[in-house]
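coords_2.tsv (TSV, C-alpha atoms) appears below.
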chain	number	residue	atom	x	y	z
A	1	MET	CA	-149.91	12.47	-103.37
A	2	ASP	CA	-150.06	9.01	-101.87
A	3	ASN	CA	-147.06	6.89	-101.14
A	4	ARG	CA	-146.96	4.76	-104.27
A	5	GLU	CA	-143.78	6.02	-105.89
A	6	GLY	CA	-141.94	2.95	-104.63
A	7	SER	CA	-144.11	0.66	-106.74
A	8	ILE	CA	-142.73	2.15	-109.93
A	9	ARG	CA	-139.86	0.17	-111.34
A	10	SER	CA	-136.40	1.69	-111.64
A	11	GLU	CA	-137.01	3.82	-108.61
A	12	GLY	CA	-133.65	2.63	-107.34
A	13	ASP	CA	-131.77	4.46	-110.09
A	14	SER	CA	-133.51	7.77	-109.53
A	15	PRO	CA	-131.92	10.22	-107.14
A	16	GLY	CA	-133.62	9.65	-103.81
A	17	MET	CA	-136.65	11.89	-103.47
A	18	THR	CA	-139.53	11.41	-101.09
A	19	ASP	CA	-143.11	12.08	-102.17
A	20	ALA	CA	-143.06	15.34	-100.25
A	21	GLU	CA	-139.88	16.42	-102.03
A	22	VAL	CA	-141.37	15.53	-105.41
A	23	SER	CA	-144.51	17.52	-104.62
A	24	ALA	CA	-142.47	20.49	-103.45
A	25	CYS	CA	-140.31	20.28	-106.57
A	26	LEU	CA	-143.41	20.17	-108.77
A	27	ALA	CA	-144.85	23.23	-107.09
A	28	ARG	CA	-141.58	25.13	-107.48
A	29	GLY	CA	-141.23	23.98	-111.09
A	30	ARG	CA	-144.73	25.19	-111.93
A	31	ALA	CA	-143.84	28.53	-110.34
A	32	GLY	CA	-140.89	28.80	-112.73
A	33	ASP	CA	-137.98	27.67	-110.57
A	34	GLU	CA	-135.19	26.43	-112.85
A	35	GLY	CA	-133.50	24.44	-110.06
A	36	ALA	CA	-136.70	22.48	-109.45
A	37	ILE	CA	-136.99	21.65	-113.15
A	38	LEU	CA	-133.44	20.31	-113.11
A	39	GLU	CA	-134.14	18.25	-109.99
A	40	LEU	CA	-137.22	16.75	-111.62
A	41	PHE	CA	-135.24	16.03	-114.78
A	42	HIS	CA	-132.53	14.17	-112.82
A	43	TYR	CA	-135.21	12.32	-110.90
A	44	MET	CA	-137.06	11.04	-113.97
A	45	HIS	CA	-134.13	10.59	-116.37
A	46	PRO	CA	-133.07	7.02	-115.36
A	47	HIS	CA	-136.68	5.91	-115.39
A	48	VAL	CA	-137.37	7.40	-118.82
A	49	LEU	CA	-134.11	6.02	-120.23
A	50	ARG	CA	-134.96	2.52	-119.02
A	51	LEU	CA	-138.43	2.64	-120.56
A	52	VAL	CA	-137.15	4.03	-123.85
A	53	ARG	CA	-134.36	1.44	-124.04
A	54	ALA	CA	-136.78	-1.36	-123.28
A	55	ASN	CA	-139.31	-0.32	-125.88
A	56	LEU	CA	-137.30	1.16	-128.69
A	57	PRO	CA	-135.76	-1.42	-131.03
A	58	ALA	CA	-133.16	0.92	-132.50
A	59	LYS	CA	-130.95	2.05	-129.64
A	60	GLU	CA	-129.39	4.89	-131.63
A	61	GLY	CA	-132.53	7.01	-131.34
A	62	ALA	CA	-132.86	6.53	-127.58
A	63	GLU	CA	-131.23	9.79	-126.52
A	64	ASP	CA	-133.44	11.90	-128.79
A	65	LEU	CA	-136.52	10.12	-127.56
A	66	VAL	CA	-135.50	10.56	-123.91
A	67	GLN	CA	-135.13	14.28	-124.57
A	68	LYS	CA	-138.52	14.38	-126.27
A	69	VAL	CA	-140.19	12.65	-123.32
A	70	CYS	CA	-138.48	14.88	-120.72
A	71	VAL	CA	-139.45	18.04	-122.63
A	72	LYS	CA	-143.05	16.81	-122.90
A	73	VAL	CA	-143.18	16.14	-119.17
A	74	ILE	CA	-141.72	19.52	-118.26
A	75	HIS	CA	-144.01	21.39	-120.61
A	76	ASN	CA	-147.07	19.64	-119.25
A	77	LEU	CA	-146.28	19.87	-115.53
A	78	HIS	CA	-149.41	21.96	-115.04
A	79	GLN	CA	-151.50	19.02	-116.30
A	80	PHE	CA	-150.20	16.66	-113.63
A	81	SER	CA	-152.99	16.34	-111.10
A	82	GLY	CA	-151.13	14.36	-108.45
A	83	LYS	CA	-153.76	11.61	-108.39
A	84	VAL	CA	-151.16	9.09	-109.55
A	85	PRO	CA	-147.47	8.97	-108.61
A	86	PHE	CA	-145.29	11.31	-110.63
A	87	LEU	CA	-143.16	8.52	-112.15
A	88	HIS	CA	-146.30	6.68	-113.15
A	89	TRP	CA	-147.46	9.73	-115.08
A	90	VAL	CA	-144.00	10.05	-116.64
A	91	SER	CA	-144.14	6.35	-117.63
A	92	ARG	CA	-147.39	6.90	-119.44
A	93	ILE	CA	-145.93	9.76	-121.45
A	94	ALA	CA	-142.78	7.74	-122.17
A	95	VAL	CA	-144.67	4.63	-123.30
A	96	ASN	CA	-146.97	6.63	-125.56
A	97	THR	CA	-144.06	8.55	-127.07
A	98	CYS	CA	-142.26	5.26	-127.78
A	99	LEU	CA	-145.42	3.85	-129.28
A	100	ASN	CA	-145.82	6.85	-131.57
A	101	GLN	CA	-142.19	6.50	-132.56
A	102	ILE	CA	-142.41	2.82	-133.53
A	103	ARG	CA	-145.99	2.86	-134.85
A	104	HIS	CA	-145.02	3.32	-138.47
A	105	GLU	CA	-142.26	0.77	-138.41
A	106	ARG	CA	-142.68	-1.61	-141.31
A	107	HIS	CA	-139.66	-3.89	-141.02
A	108	ARG	CA	-140.67	-7.03	-139.14
A	109	PRO	CA	-138.03	-9.70	-139.73
A	110	GLU	CA	-139.04	-13.34	-139.51
A	111	VAL	CA	-136.69	-15.22	-137.23
A	112	ARG	CA	-135.01	-18.35	-138.62
A	113	LEU	CA	-132.85	-20.90	-136.87
A	114	GLY	CA	-129.95	-19.95	-139.15
A	115	ASP	CA	-130.12	-16.36	-137.87
A	116	LEU	CA	-129.59	-17.41	-134.27
A	117	SER	CA	-126.24	-17.30	-132.51
A	118	GLU	CA	-124.80	-20.50	-131.06
A	119	ASP	CA	-125.98	-19.59	-127.58
A	120	GLU	CA	-129.48	-18.78	-128.78
A	121	ALA	CA	-129.71	-22.04	-130.73
A	122	ARG	CA	-128.57	-23.87	-127.58
A	123	VAL	CA	-131.35	-22.19	-125.62
A	124	VAL	CA	-133.90	-23.47	-128.15
A	125	GLU	CA	-132.46	-26.99	-127.85
A	126	GLN	CA	-132.43	-26.78	-124.07
A	127	LEU	CA	-136.05	-25.65	-123.93
A	128	ALA	CA	-137.13	-28.52	-126.16
A	129	ALA	CA	-135.01	-31.14	-124.40
A	130	SER	CA	-135.75	-30.41	-120.76
A	131	PRO	CA	-138.84	-29.21	-118.90
A	132	THR	CA	-136.73	-27.41	-116.30
A	133	GLU	CA	-136.07	-23.69	-116.09
A	134	LEU	CA	-133.12	-22.33	-118.04
A	135	ASP	CA	-129.79	-21.82	-116.27
A	136	ALA	CA	-128.85	-18.36	-115.09
A	137	SER	CA	-125.93	-18.51	-117.54
A	138	GLU	CA	-128.38	-18.74	-120.43
A	139	LYS	CA	-130.51	-15.75	-119.51
A	140	VAL	CA	-128.64	-13.31	-121.78
A	141	ALA	CA	-129.04	-15.63	-124.78
A	142	ALA	CA	-132.69	-16.12	-123.80
A	143	LYS	CA	-133.20	-12.35	-123.76
A	144	GLU	CA	-131.61	-12.00	-127.20
A	145	LEU	CA	-133.78	-14.80	-128.55
A	146	VAL	CA	-136.87	-13.16	-127.10
A	147	ASP	CA	-135.87	-9.85	-128.71
A	148	LYS	CA	-135.58	-11.60	-132.08
A	149	LEU	CA	-138.95	-13.27	-131.68
A	150	LEU	CA	-140.56	-10.00	-130.62
A	151	ALA	CA	-139.05	-8.18	-133.60
A	152	GLY	CA	-141.48	-10.13	-135.80
A	153	LEU	CA	-144.51	-8.63	-134.06
A	154	ARG	CA	-146.32	-5.39	-134.80
A	155	PRO	CA	-144.86	-2.50	-132.78
A	156	ALA	CA	-147.85	-2.16	-130.44
A	157	ASP	CA	-147.95	-5.92	-129.84
A	158	ARG	CA	-144.22	-5.99	-129.18
A	159	LEU	CA	-144.51	-3.23	-126.62
A	160	LEU	CA	-147.37	-5.06	-124.97
A	161	MET	CA	-145.46	-8.35	-124.79
A	162	LYS	CA	-142.44	-6.60	-123.28
A	163	LEU	CA	-144.53	-4.85	-120.67
A	164	MET	CA	-146.38	-8.03	-119.86
A	165	TYR	CA	-143.74	-10.75	-119.90
A	166	LEU	CA	-140.40	-8.99	-119.46
A	167	GLU	CA	-141.44	-6.26	-117.06
A	168	GLY	CA	-144.14	-8.33	-115.40
A	169	ARG	CA	-146.82	-5.64	-115.51
A	170	GLY	CA	-150.45	-6.55	-115.08
A	171	ILE	CA	-153.25	-5.93	-117.57
A	172	GLU	CA	-154.67	-3.00	-115.62
A	173	GLU	CA	-151.28	-1.38	-115.29
A	174	ILE	CA	-150.66	-1.77	-119.03
A	175	SER	CA	-154.08	-0.32	-119.75
A	176	ASP	CA	-153.21	2.60	-117.51
A	177	LEU	CA	-149.82	3.14	-119.16
A	178	THR	CA	-150.92	2.87	-122.76
A	179	GLY	CA	-154.40	4.32	-122.52
A	180	TRP	CA	-155.86	1.19	-124.18
A	181	SER	CA	-158.97	-0.36	-122.69
A	182	ILE	CA	-158.58	-3.56	-120.69
A	183	ALA	CA	-160.46	-5.49	-123.38
A	184	LEU	CA	-158.11	-4.15	-126.05
A	185	VAL	CA	-155.06	-5.12	-123.98
A	186	LYS	CA	-156.44	-8.65	-123.60
A	187	VAL	CA	-157.27	-9.01	-127.29
A	188	ARG	CA	-153.88	-7.67	-128.36
A	189	ALA	CA	-152.07	-9.90	-125.89
A	190	PHE	CA	-153.98	-12.93	-127.15
A	191	ARG	CA	-153.19	-12.18	-130.80
A	192	ALA	CA	-149.55	-11.36	-130.09
A	193	ARG	CA	-149.19	-14.57	-128.13
A	194	ILE	CA	-150.58	-16.58	-131.08
A	195	GLN	CA	-148.12	-14.84	-133.39
A	196	LEU	CA	-145.23	-15.59	-131.02
A	197	ARG	CA	-146.30	-19.19	-130.75
A	198	LYS	CA	-146.26	-19.51	-134.54
A	199	SER	CA	-142.79	-17.98	-134.81
A	200	TYR	CA	-141.46	-20.20	-132.06
A	201	ALA	CA	-143.09	-23.31	-133.55
A	202	ARG	CA	-141.40	-22.50	-136.86
A	203	LEU	CA	-138.06	-22.38	-135.06
A	204	MET	CA	-138.77	-25.71	-133.42
A	205	LYS	CA	-139.58	-27.28	-136.76
A	206	GLU	CA	-136.26	-26.13	-138.16
A	207	ASN	CA	-134.48	-27.47	-135.08
A	208	PRO	CA	-133.19	-30.97	-136.02
B	1	MET	CA	-150.51	-26.57	-121.08
B	2	ASN	CA	-149.36	-26.63	-124.66
B	3	ARG	CA	-145.71	-27.71	-125.07
B	4	ILE	CA	-144.91	-24.58	-127.10
B	5	ASP	CA	-146.58	-22.36	-124.50
B	6	ASP	CA	-144.61	-23.97	-121.72
B	7	GLN	CA	-141.33	-23.44	-123.58
B	8	LEU	CA	-142.22	-19.85	-124.37
B	9	ASN	CA	-143.06	-19.18	-120.73
B	10	ARG	CA	-139.74	-20.59	-119.59
B	11	LEU	CA	-137.96	-18.54	-122.24
B	12	PHE	CA	-139.67	-15.33	-121.11
B	13	ARG	CA	-138.99	-16.09	-117.44
B	14	ALA	CA	-135.27	-16.51	-118.18
B	15	ALA	CA	-135.21	-13.36	-120.35
B	16	ALA	CA	-136.95	-11.31	-117.67
B	17	LYS	CA	-134.12	-12.09	-115.24
B	18	VAL	CA	-131.67	-10.05	-117.32
B	19	GLU	CA	-130.96	-6.87	-115.42
B	20	ALA	CA	-131.14	-3.67	-117.41
B	21	GLY	CA	-127.98	-2.55	-115.63
B	22	ALA	CA	-127.33	0.79	-114.03
B	23	MET	CA	-128.60	3.68	-116.06
B	24	PRO	CA	-125.86	6.10	-117.13
B	25	PRO	CA	-126.13	9.75	-116.11
B	26	PRO	CA	-127.69	12.15	-118.63
B	27	PRO	CA	-125.32	12.82	-121.53
B	28	PHE	CA	-123.49	16.11	-121.69
B	29	GLY	CA	-125.72	18.88	-123.01
B	30	LEU	CA	-129.05	17.17	-122.42
B	31	GLU	CA	-129.65	19.18	-119.24
B	32	THR	CA	-129.02	22.43	-121.13
B	33	ARG	CA	-131.31	21.37	-123.99
B	34	ILE	CA	-134.09	20.51	-121.55
B	35	LEU	CA	-133.75	23.88	-119.82
B	36	ALA	CA	-133.65	25.69	-123.16
B	37	ALA	CA	-136.82	23.90	-124.25
B	38	TRP	CA	-138.46	24.79	-120.94
B	39	HIS	CA	-137.53	28.47	-121.33
B	40	THR	CA	-138.86	28.50	-124.89
B	41	GLY	CA	-142.23	27.43	-123.58
B	42	SER	CA	-144.69	24.87	-124.70
B	43	PRO	CA	-144.33	23.95	-128.37
B	44	ARG	CA	-147.40	24.85	-130.33
B	45	GLY	CA	-148.88	22.23	-132.55
B	46	PHE	CA	-150.81	22.92	-135.68
B	47	TRP	CA	-154.22	22.77	-134.04
B	48	ASP	CA	-153.51	24.69	-130.87
B	49	GLY	CA	-152.05	27.73	-132.61
B	50	ALA	CA	-153.83	30.95	-131.73
B	51	LEU	CA	-153.37	32.17	-135.31
B	52	LEU	CA	-155.26	29.17	-136.65
B	53	LYS	CA	-158.12	29.73	-134.22
B	54	ARG	CA	-158.35	33.39	-135.19
B	55	GLY	CA	-158.23	32.42	-138.87
B	56	LEU	CA	-161.10	29.96	-138.40
B	57	VAL	CA	-163.24	32.56	-136.63
B	58	PHE	CA	-162.49	35.12	-139.33
B	59	ALA	CA	-163.42	32.64	-142.07
B	60	LEU	CA	-166.70	31.88	-140.30
B	61	VAL	CA	-167.55	35.59	-140.06
B	62	ILE	CA	-166.81	36.10	-143.78
B	63	MET	CA	-168.97	33.09	-144.64
B	64	GLY	CA	-171.79	34.47	-142.51
B	65	ILE	CA	-171.62	37.91	-144.12
B	66	SER	CA	-171.51	36.53	-147.64
B	67	LEU	CA	-174.40	34.11	-147.01
B	68	CYS	CA	-176.62	36.71	-145.34
B	69	PRO	CA	-177.99	38.44	-148.52
B	70	VAL	CA	-178.59	35.12	-150.23
B	71	LEU	CA	-180.54	33.81	-147.26
B	72	GLN	CA	-182.55	37.01	-146.97
B	73	LYS	CA	-183.42	36.86	-150.66
B	74	ASN	CA	-184.45	33.24	-150.34
B	75	THR	CA	-186.67	33.87	-147.32
B	76	SER	CA	-188.40	36.84	-148.97
B	77	SER	CA	-189.10	34.95	-152.18
B	78	GLN	CA	-190.17	31.86	-150.22
B	79	ALA	CA	-192.76	33.94	-148.32
B	80	ASN	CA	-194.76	34.46	-151.52
B	81	PRO	CA	-193.28	33.00	-154.68
B	82	PHE	CA	-195.85	34.82	-156.89
B	83	SER	CA	-195.30	38.23	-155.33
B	84	GLU	CA	-193.44	39.54	-158.41
B	85	TYR	CA	-196.23	38.36	-160.75
B	86	LEU	CA	-198.90	39.82	-158.50
B	87	GLN	CA	-197.09	43.16	-158.45
B	88	LEU	CA	-196.79	43.12	-162.24
B	89	ALA	CA	-200.43	42.18	-162.66
B	90	ALA	CA	-201.53	44.90	-160.26
B	91	SER	CA	-199.49	47.55	-162.02
B	92	ASP	CA	-200.79	46.39	-165.39
B	93	THR	CA	-204.41	46.55	-164.23
B	94	THR	CA	-203.89	50.00	-162.74
B	95	SER	CA	-202.31	51.31	-165.93
B	96	GLN	CA	-205.22	49.90	-167.96
B	97	PHE	CA	-207.73	51.75	-165.78
B	98	ASP	CA	-205.58	54.88	-165.99
B	99	ASN	CA	-205.63	54.78	-169.80
B	100	ALA	CA	-209.36	54.12	-169.96
B	101	PRO	CA	-211.35	56.81	-171.80
Encoded form using structure tokens:
Amino acid sequence: MDNREGSIRSEGDSPGMTDAEVSACLARGRAGDEGAILELFHYMHPHVLRLVRANLPAKEGAEDLVQKVCVKVIHNLHQFSGKVPFLHWVSRIAVNTCLNQIRHERHRPEVRLGDLSEDEARVVEQLAASPTELDASEKVAAKELVDKLLAGLRPADRLLMKLMYLEGRGIEEISDLTGWSIALVKVRAFRARIQLRKSYARLMKENP
Amino acid sequence: MNRIDDQLNRLFRAAAKVEAGAMPPPPFGLETRILAAWHTGSPRGFWDGALLKRGLVFALVIMGISLCPVLQKNTSSQANPFSEYLQLAASDTTSQFDNAP
């Protein structure tokens, strides 16, 4: 396995494990060592939890989904070839499980200015009034506003926008994580962006 | 750049700065559930069940056996569609000669 584990986000939360330790753990886990399975579980848990929380709109189902992802990973350890970093492989399983979970979601609320909190409405005003970046104090309100705007998108588009703009992942990385072709990622991103623009423009119109 | 695009970009940049915060440790019982699932073995889906595969093979064998006579009959009649008439005609001619004075 090459030394690319560090490039995976949320590495800092995982219990420290070098590539060699991960490989050794994988080998022991495949051989049926219960301790190794537990070590792998503790290693991937923070990473899986972060991905699930970021991509699942309803937080109450997060624990079940984390369990589902971890069980999938552990059952399919024999399929892990080692060509990509372990956490990268785990991310792919987590993202696809989240996508399957939210795929059939029908409720896509349209965001209105009246639905925004005071802080969120102030963020909209600030964005319109000044070309400068938002203050650090407004980042939480900005995140909530973004979540509301993203809630109006189709589940797959929402996931794509989060991966692209909030997590800063590139097109190739998203393609790798989701299993979509690069062309599909680009087309989806383009359409989602148009949809977001419309929603935001509607908000701006309502803003006196 | 479009004014809306610029505002959206600034909004996303600000939102991306929000830290997810430290991830809590696994909840009580999750470790046990994971181990239990691991001991149970890989869950079998509908399509990868050995019973289903055996059932499909068995159904194919039954289909093959039941179609065999029909196919054989078809091939024999297709070889010469008038074979039954020829046989009848031949037997009739023979019986006529047999009965001749």
Give one line per residue of chain B that approaches chain A to at most 9 Å, naming the two atoms of the closest pair and their distance in Å to one decimal, counting only C-alpha atoms; sort by chain then ascending residue number and deliver it as a Markdown table.
| residue | atom | partner | partner_atom | distance |
| --- | --- | --- | --- | --- |
| B:Arg3 | CA | A:Ala128 | CA | 8.7 |
| B:Ile4 | CA | A:Arg197 | CA | 6.7 |
| B:Asp5 | CA | A:Arg197 | CA | 7.0 |
| B:Asp6 | CA | A:Pro131 | CA | 8.3 |
| B:Gln7 | CA | A:Leu127 | CA | 5.7 |
| B:Leu8 | CA | A:Arg197 | CA | 7.6 |
| B:Asn9 | CA | A:Tyr165 | CA | 8.5 |
| B:Arg10 | CA | A:Glu133 | CA | 5.9 |
| B:Leu11 | CA | A:Ala142 | CA | 6.0 |
| B:Phe12 | CA | A:Tyr165 | CA | 6.2 |
| B:Arg13 | CA | A:Leu166 | CA | 7.5 |
| B:Ala14 | CA | A:Lys139 | CA | 5.0 |
| B:Ala15 | CA | A:Lys143 | CA | 4.1 |
| B:Ala16 | CA | A:Leu166 | CA | 4.5 |
| B:Lys17 | CA | A:Lys139 | CA | 6.7 |
| B:Val18 | CA | A:Lys139 | CA | 6.2 |
| B:Ala20 | CA | A:Arg50 | CA | 7.4 |
| B:Ala22 | CA | A:Asp13 | CA | 7.0 |
| B:Met23 | CA | A:Pro46 | CA | 5.6 |
| B:Pro24 | CA | A:Pro46 | CA | 7.5 |
| B:Pro25 | CA | A:Pro46 | CA | 7.5 |
| B:Pro26 | CA | A:His45 | CA | 7.0 |
| B:Pro27 | CA | A:Glu63 | CA | 8.3 |
| B:Leu30 | CA | A:Gln67 | CA | 7.1 |
| B:Glu31 | CA | A:Leu38 | CA | 7.3 |
| B:Arg33 | CA | A:Gln67 | CA | 8.1 |
| B:Ile34 | CA | A:Val71 | CA | 6.0 |
| B:Leu35 | CA | A:Glu34 | CA | 7.6 |
| B:Ala37 | CA | A:Val71 | CA | 6.6 |
| B:Trp38 | CA | A:His75 | CA | 6.5 |
| B:Gly41 | CA | A:His75 | CA | 7.0 |
| B:Ser42 | CA | A:His75 | CA | 5.4 |
| B:Pro43 | CA | A:His75 | CA | 8.2 |
Report summary line: Here CA of Val57 in chain B and CA of Gln79 in chain A stand apart by 27.1 Å
Query raised in the report: What gap, in Å, lies between CA of Lys148 in chain A and CA of Val185 in chain A?
Result: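 Answer for the CA of Lys148 in chain A to CA of Val185 in chain A separation: 22.1 Å.
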Query raised in the report: Quick one: residues within 10 Å of His78 in chain A, all atoms listed in the file counted, chain neighbours fewer than 4 positions away excluded, as a PyMOL selection string?
Result: chain A and resi 26-27+29-31+73-74
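Residues within 10 Å of Leu113 in chain A, counting all atoms listed in the file and excluding same-chain residues fewer than 4 positions away, are Ser117, Glu118, Glu120, Ala121, Val124, Tyr200, Arg202, Leu203, Met204, Lys205, Glu206 and Asn207 of chain A.
Interatomic distance, CA of Ala156 in chain A to CA of Glu125 in chain A: 29.3 Å.
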